[in-house]
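**Student:** As input, take run_14.tsv (TSV, C-alpha atoms and all ligand atoms):
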```tsv
chain	number	residue	atom	x	y	z
T	1	MET	CA	0.00	0.00	0.00
T	2	ARG	CA	2.79	2.38	0.94
T	3	GLN	CA	4.55	1.54	-2.33
T	4	GLU	CA	1.43	2.48	-4.29
T	5	ILE	CA	1.28	5.82	-2.54
T	6	VAL	CA	4.97	6.45	-3.20
T	7	ASN	CA	4.48	5.52	-6.87
T	8	GLY	CA	1.59	7.96	-7.11
T	9	ILE	CA	3.74	10.76	-5.77
T	10	ARG	CA	6.57	9.81	-8.16
T	11	LYS	CA	4.17	10.21	-11.05
T	12	ASP	CA	3.34	13.72	-9.84
T	13	TYR	CA	7.04	14.51	-9.64
T	14	ASN	CA	7.59	13.31	-13.20
T	15	LYS	CA	4.76	15.57	-14.27
T	16	LYS	CA	6.39	18.50	-12.48
T	17	ARG	CA	9.67	17.86	-14.27
T	18	LEU	CA	7.97	17.63	-17.64
T	19	GLN	CA	6.13	20.84	-16.87
T	20	ALA	CA	9.42	22.56	-16.01
T	21	LYS	CA	10.82	21.48	-19.41
T	22	GLU	CA	7.72	22.68	-21.23
T	23	ASP	CA	7.78	26.03	-19.45
T	24	LEU	CA	11.43	26.39	-20.38
T	25	ASN	CA	10.57	25.69	-24.01
T	26	ILE	CA	8.02	28.45	-24.02
T	27	ARG	CA	10.44	30.95	-22.50
T	28	GLN	CA	13.15	29.86	-24.92
T	29	ASN	CA	10.93	30.42	-27.93
T	30	GLU	CA	10.04	33.88	-26.70
T	31	ILE	CA	13.72	34.71	-26.48
T	32	TYR	CA	14.40	33.21	-29.92
T	33	ASP	CA	11.71	35.43	-31.45
T	34	MET	CA	13.13	38.45	-29.74
T	35	LEU	CA	16.83	37.62	-30.23
T	36	PRO	CA	17.44	35.40	-33.29
T	37	ARG	CA	21.18	35.35	-32.62
T	38	ILE	CA	20.51	33.40	-29.39
T	39	LYS	CA	18.70	30.76	-31.41
T	40	LYS	CA	21.66	30.52	-33.77
T	41	ILE	CA	24.04	30.16	-30.83
T	42	ASP	CA	21.96	27.42	-29.20
T	43	GLN	CA	21.75	25.54	-32.48
T	44	GLU	CA	25.47	25.85	-32.98
T	45	ILE	CA	26.19	24.61	-29.47
T	46	ALA	CA	23.88	21.65	-30.01
T	47	ARG	CA	25.61	20.83	-33.30
T	48	LEU	CA	29.06	21.04	-31.76
T	49	SER	CA	28.03	18.83	-28.86
T	50	ILE	CA	26.88	16.17	-31.30
T	51	ASN	CA	30.23	16.51	-33.07
T	52	ILE	CA	32.02	15.75	-29.83
T	53	SER	CA	30.03	12.54	-29.39
T	54	ARG	CA	30.78	11.56	-32.96
T	55	ILE	CA	34.50	12.15	-32.51
T	56	ILE	CA	34.52	10.08	-29.35
T	57	LEU	CA	32.79	7.24	-31.17
T	58	THR	CA	35.03	7.22	-34.24
T	59	LYS	CA	38.27	7.80	-32.29
T	60	PRO	CA	40.25	9.65	-35.01
T	61	GLU	CA	43.88	10.64	-34.57
T	62	GLY	CA	44.36	13.80	-32.50
T	63	LEU	CA	41.07	13.14	-30.74
T	64	LEU	CA	41.87	15.07	-27.58
T	65	ASN	CA	42.98	18.19	-29.46
T	66	MET	CA	39.86	18.13	-31.62
T	67	ILE	CA	37.63	17.89	-28.62
T	68	GLU	CA	39.54	20.65	-26.86
T	69	ASP	CA	39.07	22.95	-29.89
T	70	ILE	CA	35.35	22.32	-30.00
T	71	ARG	CA	34.98	22.88	-26.25
T	72	GLU	CA	36.70	26.24	-26.62
T	73	THR	CA	34.34	27.24	-29.41
T	74	ILE	CA	31.39	26.24	-27.27
T	75	ASP	CA	32.69	28.31	-24.37
T	76	THR	CA	33.09	31.34	-26.60
T	77	LEU	CA	29.54	30.91	-27.86
T	78	LYS	CA	28.24	30.63	-24.31
T	79	GLU	CA	30.05	33.81	-23.35
T	80	GLU	CA	28.52	35.62	-26.30
T	81	LYS	CA	25.09	34.35	-25.35
T	82	GLU	CA	25.53	35.47	-21.78
T	83	TYR	CA	26.68	38.89	-22.96
T	84	ILE	CA	23.69	39.38	-25.25
T	85	LEU	CA	21.21	38.27	-22.61
T	86	LYS	CA	22.75	40.51	-20.00
T	87	LYS	CA	22.74	43.49	-22.35
T	88	LYS	CA	19.05	42.93	-23.03
T	89	GLY	CA	18.35	42.52	-19.32
T	90	VAL	CA	17.16	38.90	-19.53
T	91	PRO	CA	17.86	37.13	-16.22
T	92	ASP	CA	19.97	33.95	-16.46
T	93	ILE	CA	17.24	31.96	-14.80
T	94	TYR	CA	15.04	32.72	-17.79
T	95	LEU	CA	16.76	30.07	-19.85
T	96	GLN	CA	17.00	27.43	-17.16
T	97	GLU	CA	14.49	24.92	-15.92
T	98	VAL	CA	12.74	26.22	-12.82
T	99	TYR	CA	11.89	23.58	-10.25
T	100	HIS	CA	9.67	23.75	-7.19
T	101	CYS	CA	12.41	22.26	-5.05
T	102	SER	CA	15.99	23.35	-5.55
T	103	GLN	CA	17.24	20.55	-3.29
T	104	CYS	CA	16.21	17.75	-5.64
T	105	ASN	CA	15.14	19.55	-8.85
T	106	ASP	CA	11.75	17.85	-8.39
T	107	SER	CA	13.25	14.40	-8.71
T	108	GLY	CA	12.29	13.60	-5.10
T	109	TYR	CA	15.82	12.45	-4.31
T	110	THR	CA	18.91	14.34	-3.27
T	111	ALA	CA	22.27	13.95	-5.01
T	112	GLU	CA	23.25	11.45	-2.30
T	113	GLY	CA	20.24	9.32	-3.20
T	114	ASN	CA	18.19	10.09	-0.09
T	115	MET	CA	14.50	10.86	-0.16
T	116	CYS	CA	14.22	14.65	-0.35
T	117	PHE	CA	12.44	16.54	2.40
T	118	CYS	CA	9.82	17.74	-0.11
T	119	PHE	CA	9.05	14.15	-1.07
T	120	LYS	CA	8.62	13.13	2.55
T	121	GLN	CA	6.29	16.07	3.02
T	122	SER	CA	4.21	15.01	0.00
T	123	LEU	CA	4.02	11.53	1.44
T	124	ILE	CA	2.81	12.88	4.77
T	125	ASN	CA	0.21	15.06	3.05
T	126	GLU	CA	-1.00	12.03	1.14
T	127	LEU	CA	-1.26	10.05	4.37
T	128	TYR	CA	-3.37	12.82	5.86
T	129	ASN	CA	-5.70	12.64	2.90
T	130	ILE	CA	-6.23	8.91	3.05
T	131	SER	CA	-6.63	8.89	6.82
T	132	SER	CA	-9.75	11.02	6.20
T	133	LEU	CA	-8.78	13.37	9.00
T	134	GLY	CA	-7.69	16.41	7.01
T	135	ASN	CA	-7.53	19.72	8.83
T	136	LEU	CA	-8.96	18.46	12.09
T	137	LEU	CA	-5.52	17.35	13.18
T	138	GLN	CA	-4.18	20.88	13.06
T	139	LYS	CA	-6.46	21.56	16.02
T	140	GLU	CA	-6.40	18.26	17.85
T	141	ASN	CA	-2.91	17.03	18.62
T	142	PHE	CA	-0.62	16.43	21.59
T	143	ASP	CA	0.42	20.09	21.58
T	144	THR	CA	-3.14	21.28	22.05
T	145	PHE	CA	-4.20	18.60	24.51
T	146	ASP	CA	-5.36	20.46	27.61
T	147	LEU	CA	-5.39	18.52	30.87
T	148	SER	CA	-6.77	21.51	32.76
T	149	LYS	CA	-10.18	20.80	31.20
T	150	PHE	CA	-10.53	17.70	33.34
T	151	ASP	CA	-11.87	17.81	36.90
T	152	ASP	CA	-9.37	17.15	39.64
T	153	ILE	CA	-11.94	15.97	42.20
T	154	ALA	CA	-12.99	12.40	42.97
T	155	TYR	CA	-15.48	10.92	40.54
T	156	GLY	CA	-17.86	8.18	41.72
T	157	LYS	CA	-15.99	5.15	42.98
T	158	GLU	CA	-12.99	5.72	40.74
T	159	LYS	CA	-9.62	5.79	42.47
T	160	LEU	CA	-8.18	8.54	40.31
T	161	THR	CA	-9.71	11.92	39.59
T	162	PRO	CA	-10.68	12.40	35.92
T	163	LYS	CA	-7.63	14.61	35.51
T	164	GLU	CA	-5.25	12.05	37.03
T	165	ASN	CA	-6.84	9.30	34.98
T	166	THR	CA	-6.49	11.27	31.74
T	167	LYS	CA	-2.88	12.00	32.61
T	168	VAL	CA	-2.19	8.27	32.88
T	169	ILE	CA	-3.86	7.66	29.52
T	170	LEU	CA	-1.96	10.53	27.94
T	171	LYS	CA	1.33	9.10	29.16
T	172	HIS	CA	0.40	5.73	27.71
T	173	ALA	CA	-0.62	7.32	24.40
T	174	LEU	CA	2.74	9.08	24.16
T	175	GLU	CA	4.50	5.80	24.87
T	176	PHE	CA	2.39	4.16	22.19
T	177	VAL	CA	3.59	6.58	19.52
T	178	ASP	CA	7.20	6.62	20.74
T	179	THR	CA	7.55	2.85	20.63
T	180	PHE	CA	5.11	2.23	17.78
T	181	HIS	CA	7.27	-0.15	15.77
T	182	LYS	CA	8.43	-2.13	18.77
T	183	ARG	CA	5.21	-2.76	20.59
T	184	ASP	CA	2.78	-5.61	20.20
T	185	ARG	CA	-0.11	-4.18	22.25
T	186	ASN	CA	-3.11	-2.35	20.90
T	187	LEU	CA	-5.37	0.20	22.58
T	188	LEU	CA	-9.01	0.16	23.61
T	189	PHE	CA	-10.57	3.40	24.90
T	190	TYR	CA	-14.01	3.16	26.40
T	191	GLY	CA	-16.31	5.50	28.29
T	192	GLY	CA	-19.09	8.03	27.70
T	193	THR	CA	-19.09	10.72	25.04
T	194	GLY	CA	-17.27	14.02	25.44
T	195	LEU	CA	-14.48	12.65	27.62
T	196	GLY	CA	-11.63	13.05	25.16
T	197	LYS	CA	-11.43	9.59	23.54
T	198	THR	CA	-11.61	10.90	20.01
T	199	PHE	CA	-9.27	13.75	20.83
T	200	MET	CA	-6.74	11.23	22.16
T	201	CYS	CA	-7.07	9.14	18.99
T	202	ASN	CA	-6.48	12.25	16.89
T	203	CYS	CA	-3.34	13.09	18.85
T	204	ILE	CA	-1.95	9.62	18.22
T	205	ALA	CA	-2.95	9.68	14.54
T	206	LYS	CA	-1.28	13.02	13.87
T	207	ASP	CA	1.92	12.15	15.67
T	208	LEU	CA	2.34	8.90	13.75
T	209	MET	CA	1.35	10.34	10.38
T	210	ASP	CA	3.95	13.06	10.83
T	211	LYS	CA	6.46	10.23	11.07
T	212	GLY	CA	5.24	8.80	7.76
T	213	ILE	CA	3.21	5.97	9.24
T	214	ILE	CA	0.06	4.99	7.37
T	215	VAL	CA	-2.98	5.56	9.54
T	216	LEU	CA	-6.56	4.88	8.60
T	217	TYR	CA	-9.06	6.57	10.85
T	218	GLN	CA	-12.67	5.56	10.41
T	219	SER	CA	-15.83	5.61	12.43
T	220	SER	CA	-17.11	2.07	12.80
T	221	PHE	CA	-20.22	3.11	10.88
T	222	LYS	CA	-18.15	4.28	7.90
T	223	MET	CA	-15.85	1.28	8.12
T	224	PHE	CA	-18.66	-1.25	7.81
T	225	GLU	CA	-20.16	0.80	5.01
T	226	THR	CA	-16.81	0.58	3.19
T	227	ILE	CA	-16.70	-3.17	3.74
T	228	SER	CA	-20.22	-3.85	2.54
T	229	GLU	CA	-19.72	-1.70	-0.54
T	230	HIS	CA	-16.61	-3.73	-1.30
T	231	LYS	CA	-18.28	-7.10	-0.70
T	232	PHE	CA	-21.70	-6.55	-2.21
T	233	ASN	CA	-21.26	-3.82	-4.76
T	234	ARG	CA	-17.84	-4.42	-6.18
T	235	SER	CA	-18.67	-3.62	-9.79
T	236	LEU	CA	-19.73	-0.11	-8.77
T	237	GLU	CA	-17.02	0.39	-6.21
T	238	SER	CA	-15.17	3.70	-6.35
T	239	TYR	CA	-11.38	3.94	-6.30
T	240	ASP	CA	-11.54	5.73	-2.98
T	241	ASN	CA	-13.50	2.91	-1.49
T	242	LYS	CA	-11.05	0.33	-2.83
T	243	ASP	CA	-8.21	2.25	-1.17
T	244	SER	CA	-10.07	2.50	2.10
T	245	PHE	CA	-10.99	-1.16	2.06
T	246	GLY	CA	-7.38	-2.19	1.49
T	247	LEU	CA	-6.22	0.09	4.27
T	248	ILE	CA	-8.57	-1.48	6.81
T	249	TYR	CA	-6.26	-4.47	6.65
T	250	GLU	CA	-3.00	-2.95	5.46
T	251	SER	CA	-2.61	0.39	7.24
T	252	ASP	CA	0.11	0.45	9.90
T	253	LEU	CA	-2.46	1.74	12.34
T	254	LEU	CA	-6.23	1.40	12.08
T	255	ILE	CA	-8.31	3.56	14.38
T	256	ILE	CA	-11.92	2.43	14.71
T	257	ASP	CA	-13.83	5.27	16.27
T	258	ASP	CA	-17.13	4.80	18.04
T	259	LEU	CA	-17.39	1.04	17.83
T	260	GLY	CA	-20.96	0.06	18.60
T	261	ALA	CA	-22.50	2.92	16.62
T	262	GLU	CA	-22.78	0.67	13.55
T	263	SER	CA	-25.82	-1.55	13.17
T	264	ILE	CA	-24.64	-4.67	14.93
T	265	ASN	CA	-25.52	-7.93	13.17
T	266	SER	CA	-23.89	-11.21	12.25
T	267	PHE	CA	-22.24	-9.65	9.19
T	268	THR	CA	-20.56	-6.81	11.09
T	269	ILE	CA	-19.56	-9.13	13.94
T	270	THR	CA	-17.88	-11.56	11.54
T	271	GLU	CA	-16.11	-8.74	9.72
T	272	LEU	CA	-14.96	-7.15	12.95
T	273	PHE	CA	-13.45	-10.41	14.09
T	274	ASN	CA	-11.66	-10.82	10.76
T	275	ILE	CA	-10.22	-7.34	11.00
T	276	ILE	CA	-9.08	-7.61	14.62
T	277	ASN	CA	-7.69	-11.08	14.13
T	278	THR	CA	-5.96	-10.48	10.79
T	279	ARG	CA	-4.33	-7.34	12.10
T	280	LEU	CA	-3.06	-9.17	15.16
T	281	ILE	CA	-1.60	-11.94	13.02
T	282	THR	CA	0.04	-9.52	10.58
T	283	ASP	CA	1.36	-7.39	13.44
T	284	LYS	CA	-0.54	-4.23	12.51
T	285	LYS	CA	-1.68	-1.97	15.32
T	286	THR	CA	-5.29	-1.12	16.04
T	287	ILE	CA	-6.95	1.41	18.33
T	288	ILE	CA	-10.62	1.06	19.16
T	289	SER	CA	-12.71	3.67	20.89
T	290	THR	CA	-16.23	2.95	22.06
T	291	ASN	CA	-18.99	4.41	24.19
T	292	LEU	CA	-19.98	0.91	25.27
T	293	SER	CA	-19.01	-0.45	28.68
T	294	LEU	CA	-16.90	-3.61	28.86
T	295	GLU	CA	-19.99	-5.59	29.97
T	296	LYS	CA	-21.90	-4.31	26.99
T	297	LEU	CA	-18.99	-5.09	24.63
T	298	SER	CA	-18.88	-8.68	25.83
T	299	GLU	CA	-22.63	-8.94	25.53
T	300	VAL	CA	-22.93	-7.47	22.04
T	301	TYR	CA	-19.90	-8.94	20.30
T	302	SER	CA	-18.86	-12.57	20.07
T	303	ASP	CA	-16.69	-14.23	22.70
T	304	ARG	CA	-13.81	-14.57	20.30
T	305	ILE	CA	-13.81	-10.81	19.64
T	306	PHE	CA	-14.05	-10.01	23.33
T	307	SER	CA	-11.27	-12.40	24.28
T	308	ARG	CA	-8.95	-10.89	21.63
T	309	LEU	CA	-9.65	-7.43	23.04
T	310	MET	CA	-8.97	-8.57	26.59
T	311	SER	CA	-5.73	-10.35	25.75
T	312	ASP	CA	-4.10	-8.08	23.16
T	313	TYR	CA	-5.35	-4.58	23.97
T	314	ASP	CA	-4.36	-2.19	26.74
T	315	ILE	CA	-7.70	-1.03	28.04
T	316	PHE	CA	-8.41	2.46	29.35
T	317	LYS	CA	-11.60	3.83	30.78
T	318	PHE	CA	-12.46	7.49	30.28
T	319	TYR	CA	-14.73	9.01	32.89
T	320	GLY	CA	-15.74	12.38	34.31
T	321	LYS	CA	-17.97	15.19	33.18
T	322	ASP	CA	-18.39	15.98	29.49
T	323	ILE	CA	-15.47	18.37	28.81
T	324	ARG	CA	-17.07	19.71	25.65
T	325	THR	CA	-19.74	21.58	27.60
T	326	LYS	CA	-17.15	23.23	29.81
T	327	ARG	CA	-16.14	26.80	29.21
T	328	VAL	CA	-12.42	27.40	29.10
H	401	ZN	ZN	12.95	18.16	-3.08
```
Please re-express this file's structure in structure tokens.
**Tutor:**
Amino acid sequence: MRQEIVNGIRKDYNKKRLQAKEDLNIRQNEIYDMLPRIKKIDQEIARLSINISRIILTKPEGLLNMIEDIRETIDTLKEEKEYILKKKGVPDIYLQEVYHCSQCNDSGYTAEGNMCFCFKQSLINELYNISSLGNLLQKENFDTFDLSKFDDIAYGKEKLTPKENTKVILKHALEFVDTFHKRDRNLLFYGGTGLGKTFMCNCIAKDLMDKGIIVLYQSSFKMFETISEHKFNRSLESYDNKDSFGLIYESDLLIIDDLGAESINSFTITELFNIINTRLITDKKTIISTNLSLEKLSEVYSDRIFSRLMSDYDIFKFYGKDIRTKRV
């Protein structure tokens, strides 16, 4: 999946390079119309360059001297060209290809063969697009996470105050992103609405995407819609849907938001098991958030789903008052 995304970006880069050549052609022709001598010079230089190749191929006697002579002529022509352009006030850059990125000339790779920063950035942007999170993450990330919104007084029978509890979860979330490639545990967030579950998922998603990790973030409702479109309506399936369906299994991290909000039936239960189980086997991480209690989860979903969640997920309960209704 990652390779497909990289290939897509490469195609865009090739387009950019072609565009740069085309733009140069247009500028060149303008100059040729204005200054016919420049056209003559360019043609002459091109002809001489071909001559050099020919000489190298046929290896006549005195080869080096011949090449040296031609190179000198070319240099003289270049000087003349430069002089004319300068006199007419045409900037040098006018007859060069102009690239978006001067580090890699829009090839995506630096001279040392490393992926250019601009290419990495394109990859990250692409990951944002496919995660279906878009601009939301600019607002909801670890930097904007505000613990002061949580009450610091005892809540029901819970040992920790909502603030202390959220702090523990936050610490665990940070650990999750810091050790993403090394860990084999997944995350389950449960608790009522408006307690920061989705916000926490967004923080994790953004942090990992910024590191170039492929994250698919879907509400359970949307996820099952994607699956049924893929299974039952394949001939009409859109490309976007095909991508999303593939990512349910292949993304490095799948975040299923609001599990339990889908219509729960034997189809969705079977699919959910397949997803959870396949991702465990293939060592892909999953985060599930749900408004359902653990009792309800065990009641609604099959035993084999519940036992996977209990054994392979770190489970965190969110509790407290709805922070969304609080004024800051
Ligand atoms: Zn670049």
**Student:** Which one is closest to T:Asp106: T:Leu48, T:Leu309, T:Ala20, T:Met223? Count all atoms listed in the file.
**Tutor:**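 Residue with the minimum atom-to-atom distance to T:Asp106: T:Ala20.
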**Student:** Name the residues, by chain letter and number, that sit within 6 Å of ligand ZN 401 (chain H) using all atoms listed in the file, and give them as an NGL selection string.
**Tutor:** :T and (101 or 103-104 or 106 or 108 or 116-119)
**Student:** For stretch 256-264 of chain T, list every protein, DNA or RNA residue within 9 Å, evaluated using only C-alpha atoms, and leave out those in the same chain fewer than 4 positions away; present the list as a list in words.
**Tutor:**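 Residues meeting the cut-off are Lys197, Thr198, Cys201, Leu216, Tyr217, Gln218, Ser219, Ser220, Phe221, Lys222, Met223, Phe224, Glu225, Thr268, Ile269, Thr286, Ile287, Ile288, Ser289, Thr290, Asn291, Leu292, Leu297, Val300 and Tyr301 of chain T.
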**Student:** Would you list the residues near (-11.0, 2.6, 25.7), meaning any protein, DNA or RNA residue with an atom at most 7 Å from that point in file coordinates, counting only C-alpha atoms, as JSON, numbers by chain?
**Tutor:** {"T": [187, 188, 189, 190, 191, 288, 289, 290, 315, 316, 317, 318]}
**Student:** Given all atoms listed in the file as the basis, pick out the residue of T:Asn277, T:Thr282, T:Asn202, T:Asn25 nearest to T:Ser307.
**Tutor:** T:Asn277
**Student:** So what do you get for atom CA of T:Lys40 versus atom CA of T:Asn65, distance-wise?
**Tutor:**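 For atom CA of T:Lys40 relative to atom CA of T:Asn65, the distance reads 25.0 Å.
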**Student:** Expressed in Å to a single decimal, how great is the separation between atom CA of T:Ser228 and atom CA of T:Thr278?
**Tutor:**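 Those two atoms sit 17.8 Å apart.
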**Student:** What does the distance from atom CA of T:Asp178 to atom CA of T:Ile124 come to in Å, to one decimal?
**Tutor:** 17.7 Å
**Student:** For T:Val215, which of T:Glu126, T:Glu140, T:Glu299, T:Asp283 is the closest residue, counting all atoms listed in the file?
**Tutor:** T:Glu126
**Student:** Would you mind telling me which residue in T:Glu72, T:Arg234, T:Glu250, T:Ser293 lies nearest to T:Gln3 when using all atoms listed in the file?
**Tutor:**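 Closest residue, counting all atoms listed in the file: T:Glu250.
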**Student:** My list of candidates is T:Asp207, T:Asp143, T:Glu158, T:Glu164. Which is closest to T:Phe180 when distances are computed with all atoms listed in the file?
**Tutor:**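 Ranked by minimum distance to T:Phe180, first place goes to T:Asp207.
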**Student:** Which one of T:Gln28, T:Gln19, T:Asn141, T:Thr76 sits closest to T:Leu170 if you count only C-alpha atoms?
**Tutor:** T:Asn141
**Student:** Once 8 Å is added on each side, what centre and edge lengths in Å to one decimal does the axis-aligned box around all listed atoms of stretch 248-254 of chain T have, as AutoDock Vina command-line options?
**Tutor:**
```
--center_x -4.2 --center_y -1.4 --center_z 8.9 --size_x 24.7 --size_y 22.2 --size_z 22.9
```
**Student:** Taking (-2.7, 1.4, 11.4) as a centre in this file's frame and 7 Å as the limit, can you find every polymer residue with an atom that close, using only C-alpha atoms, and give them as a PyMOL selection string?
**Tutor:** chain T and resi 214-216+251-255+284-286
**Student:** As a list in words, please: the residues near T:Glu82 (cut-off 12 Å, only C-alpha atoms, same-chain neighbours under 3 positions excluded).
**Tutor:**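 Surrounding residues, per the criterion: Arg37, Ile38, Ile41, Asp42, Asp75, Thr76, Leu77, Lys78, Glu79, Leu85, Lys86, Lys87, Lys88, Gly89, Val90, Pro91, Asp92, Ile93, Tyr94 and Leu95 of chain T.
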**Student:** Take the residues just selected and output them with C-alpha atoms as a tab-separated table (two decimals), keeping the file's coordinate frame.
**Tutor:**
```tsv
chain	number	residue	atom	x	y	z
T	37	ARG	CA	21.18	35.35	-32.62
T	38	ILE	CA	20.51	33.40	-29.39
T	41	ILE	CA	24.04	30.16	-30.83
T	42	ASP	CA	21.96	27.42	-29.20
T	75	ASP	CA	32.69	28.31	-24.37
T	76	THR	CA	33.09	31.34	-26.60
T	77	LEU	CA	29.54	30.91	-27.86
T	78	LYS	CA	28.24	30.63	-24.31
T	79	GLU	CA	30.05	33.81	-23.35
T	85	LEU	CA	21.21	38.27	-22.61
T	86	LYS	CA	22.75	40.51	-20.00
T	87	LYS	CA	22.74	43.49	-22.35
T	88	LYS	CA	19.05	42.93	-23.03
T	89	GLY	CA	18.35	42.52	-19.32
T	90	VAL	CA	17.16	38.90	-19.53
T	91	PRO	CA	17.86	37.13	-16.22
T	92	ASP	CA	19.97	33.95	-16.46
T	93	ILE	CA	17.24	31.96	-14.80
T	94	TYR	CA	15.04	32.72	-17.79
T	95	LEU	CA	16.76	30.07	-19.85
```
**Student:** Any chance you could build stretch 158-165 of chain T out to all heavy atoms and write it as a tab-separated table (two decimals), in the coordinates of the input?
**Tutor:**
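Final file, out35.tsv:
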```tsv
chain	number	residue	atom	x	y	z
T	158	GLU	N	-14.30	5.83	41.40
T	158	GLU	CA	-12.99	5.72	40.74
T	158	GLU	C	-11.87	6.17	41.68
T	158	GLU	O	-12.03	7.13	42.43
T	158	GLU	CB	-12.96	6.59	39.47
T	158	GLU	CG	-14.07	6.30	38.48
T	158	GLU	CD	-13.91	4.92	37.82
T	158	GLU	OE1	-12.85	4.29	37.99
T	158	GLU	OE2	-14.88	4.49	37.16
T	159	LYS	N	-10.75	5.46	41.59
T	159	LYS	CA	-9.62	5.79	42.47
T	159	LYS	C	-8.96	7.11	42.08
T	159	LYS	O	-8.55	7.89	42.92
T	159	LYS	CB	-8.57	4.67	42.42
T	159	LYS	CG	-8.88	3.51	43.34
T	159	LYS	CD	-7.64	2.63	43.49
T	159	LYS	CE	-8.07	1.19	43.76
T	159	LYS	NZ	-7.69	0.26	42.70
T	160	LEU	N	-8.84	7.32	40.79
T	160	LEU	CA	-8.18	8.54	40.31
T	160	LEU	C	-9.21	9.60	39.94
T	160	LEU	O	-10.33	9.27	39.54
T	160	LEU	CB	-7.33	8.22	39.07
T	160	LEU	CG	-6.22	7.18	39.23
T	160	LEU	CD1	-5.54	6.94	37.88
T	160	LEU	CD2	-5.19	7.63	40.25
T	161	THR	N	-8.82	10.86	40.09
T	161	THR	CA	-9.71	11.92	39.59
T	161	THR	C	-9.68	11.85	38.06
T	161	THR	O	-8.74	11.29	37.48
T	161	THR	CB	-9.22	13.32	40.02
T	161	THR	OG1	-7.98	13.58	39.34
T	161	THR	CG2	-9.02	13.40	41.53
T	162	PRO	N	-10.70	12.42	37.39
T	162	PRO	CA	-10.68	12.40	35.92
T	162	PRO	C	-9.38	12.97	35.34
T	162	PRO	O	-8.85	12.45	34.38
T	162	PRO	CB	-11.89	13.28	35.55
T	162	PRO	CG	-12.83	13.09	36.69
T	162	PRO	CD	-11.96	12.97	37.93
T	163	LYS	N	-8.86	14.00	36.02
T	163	LYS	CA	-7.63	14.61	35.51
T	163	LYS	C	-6.45	13.64	35.64
T	163	LYS	O	-5.66	13.45	34.71
T	163	LYS	CB	-7.33	15.89	36.28
T	163	LYS	CG	-6.17	16.67	35.72
T	163	LYS	CD	-5.99	17.96	36.48
T	163	LYS	CE	-4.82	18.76	35.95
T	163	LYS	NZ	-4.73	20.06	36.62
T	164	GLU	N	-6.34	13.01	36.82
T	164	GLU	CA	-5.25	12.05	37.03
T	164	GLU	C	-5.35	10.88	36.06
T	164	GLU	O	-4.36	10.43	35.48
T	164	GLU	CB	-5.29	11.51	38.47
T	164	GLU	CG	-4.83	12.52	39.51
T	164	GLU	CD	-5.22	12.11	40.94
T	164	GLU	OE1	-6.05	11.18	41.09
T	164	GLU	OE2	-4.72	12.70	41.88
T	165	ASN	N	-6.59	10.42	35.88
T	165	ASN	CA	-6.84	9.30	34.98
T	165	ASN	C	-6.42	9.66	33.54
T	165	ASN	O	-5.74	8.89	32.86
T	165	ASN	CB	-8.33	8.94	35.02
T	165	ASN	CG	-8.66	7.79	34.09
T	165	ASN	OD1	-8.01	6.75	34.13
T	165	ASN	ND2	-9.67	7.98	33.25
```
